[in-house]
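> Starting off with a structure, shown below.
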Amino acid sequence: MLFGLISLWSQPLNQQLGWVVTTISAYLLFGWLFGTYTVLGWSSLPRWTLLQRLGLCLLATLMFVAILRWVINPPLTVWLVFRSSQVSWLFPTSLWSLLVRISLRRGTLFPEQPRFILVATQEEASEALQVWRQTPNRLMPTLLNVEEAAQQPGPLVIALSNSVRHDCKYRDFLEAFEQRDPRQCNITTPLVLAERQLERLPPTLLPETWLSYSEIPFNAMFSPQRQLKRVADLLVALLLLGLTFPLVLFAAILIWLEDRGPVFYLQERSGWLGQPFMVLKLRTMKVAPPHAPITWTVPGDERITRVGNWLRRSRLDELPQLLNVVKGDMSMIGPRPERPQLEEELEESIPHYRKRHWMRPGLSGWAQVCSPYAASIEDSELKLSYDLYYLKHFSTWLDILILFRTIKTVLKVAGR
């Protein structure tokens, strides 16, 4: 009899195992999609935003399981799919996630996070702090003079500008910094601090002789990562071309039905080492008259069609560029190719701009998943800082990270 009761109890448990795995997977997926994990590194993010993202994750999971239950219609013995059962364990899970994130942000579960201090002249400080203002949700360093910084208790990360570092009158203070416990007082530069904290390399902080072509990882002799990148480009591009062909065909029909204009368009872009090539895209704008001036695309641009707006947000207009990847003009991951006519102005205004051509342009890139669409010289400078970071830190793992972030952008229809 005992074995019979155990058998009756284990049967519904076995039936519900699949639902347990599905619900947990959905909760983790929606948590990644709505950014409940990325907020861990944003200590300045408002609490309301954190609550909002966790709430959306909970609601999306409940809706997903409810729709799946309606489609599959499991037997009544599978009690886990009931709304009351879902809420009874997903709500405490969300509350626990909130407490963990608050504890991490306050330093309760991990050692206290160091404070960032900037020691620089007024001109250098203004230039450096502007870099942080361009990046939202990042903790801005506190500007102090040398004497004030020397009195601060640790843990600290002190970014010393070149002028202060080489000023003889501050030599005693600098020696005192060097003698402190490195775990409590880390001395660095504004550039290195921006590179570590913001994950970008602002061109205004870079020296004129920064990084030569032979020093970037992509051009290392006998680099296995470079060879792997090309093989992965071909395999992924060919796979995506096969999988997305029906979607591209459907989008092409919608484009033609809207204004009876051409479905695709070719445009000259700058490629590897500045060599021009023709990029292929689905048309998302109204057909421009001949000899129309080249202008930036801005938010709410009236030239964008209704179908084109949807294609841009989902990044589906970029799919024909998979042919450029197969041909070798582009890579799956890399700096986005720009029009040569616009680059002439950008090269004159932004230092180190030409260096973004040292790798093949990409379908997606570090700048695309970390910053908004470029609609001005200032936006282009911000995107260049991410391109330069990718140039210096290129690796297979970084490409994989960019790939997953691109998938997230497509799923959220968050492009532009």
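Residues are referred to by chain and number: the chain letter is A, B, ... according to the order shown in the structure tokens, the number counts from 1 in that chain, and ligands are numbered separately from 1 in the order shown.
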Excluding stretch 264-268 of chain A and its own-chain neighbours fewer than 2 positions away, which residues fall within 10 Å of it when counting only C-alpha atoms? Please give them as an NGL selection string.
:A and (252 or 255-256 or 261-262 or 270-271 or 276-285 or 287 or 317 or 320 or 337-341)
> Counting only C-alpha atoms, give me one row per residue of stretch 132-170 of chain A with an atom at most 10 Å from an atom of stretch 123-127 of chain A, showing the shortest contact pair and its distance in Å to one decimal, sorted by chain then residue number, as JSON lines.

{"residue": "A:Trp132", "atom": "CA", "partner": "A:Glu127", "partner_atom": "CA", "distance": 9.5}
{"residue": "A:Leu143", "atom": "CA", "partner": "A:Ala125", "partner_atom": "CA", "distance": 7.4}
{"residue": "A:Leu144", "atom": "CA", "partner": "A:Ala125", "partner_atom": "CA", "distance": 9.7}
{"residue": "A:Leu160", "atom": "CA", "partner": "A:Ala125", "partner_atom": "CA", "distance": 10.0}
{"residue": "A:Ser161", "atom": "CA", "partner": "A:Glu124", "partner_atom": "CA", "distance": 7.1}
{"residue": "A:Asn162", "atom": "CA", "partner": "A:Glu124", "partner_atom": "CA", "distance": 8.9}
{"residue": "A:Ser163", "atom": "CA", "partner": "A:Glu124", "partner_atom": "CA", "distance": 8.5}
{"residue": "A:Val164", "atom": "CA", "partner": "A:Glu124", "partner_atom": "CA", "distance": 9.9}
> Using only C-alpha atoms, which of A:Asp399, A:Asp233, A:Asp259, A:Asp379 sits nearest A:Gln134?
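That would be A:Asp379, the residue with the smallest distance to A:Gln134.
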> Rank nothing, just name the residue among A:Gly18, A:Gly308, A:Pro224, A:Gly154 nearest to A:Ile117, using only C-alpha atoms.
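Among A:Gly18, A:Gly308, A:Pro224, A:Gly154, it is A:Gly154 that comes nearest to A:Ile117.
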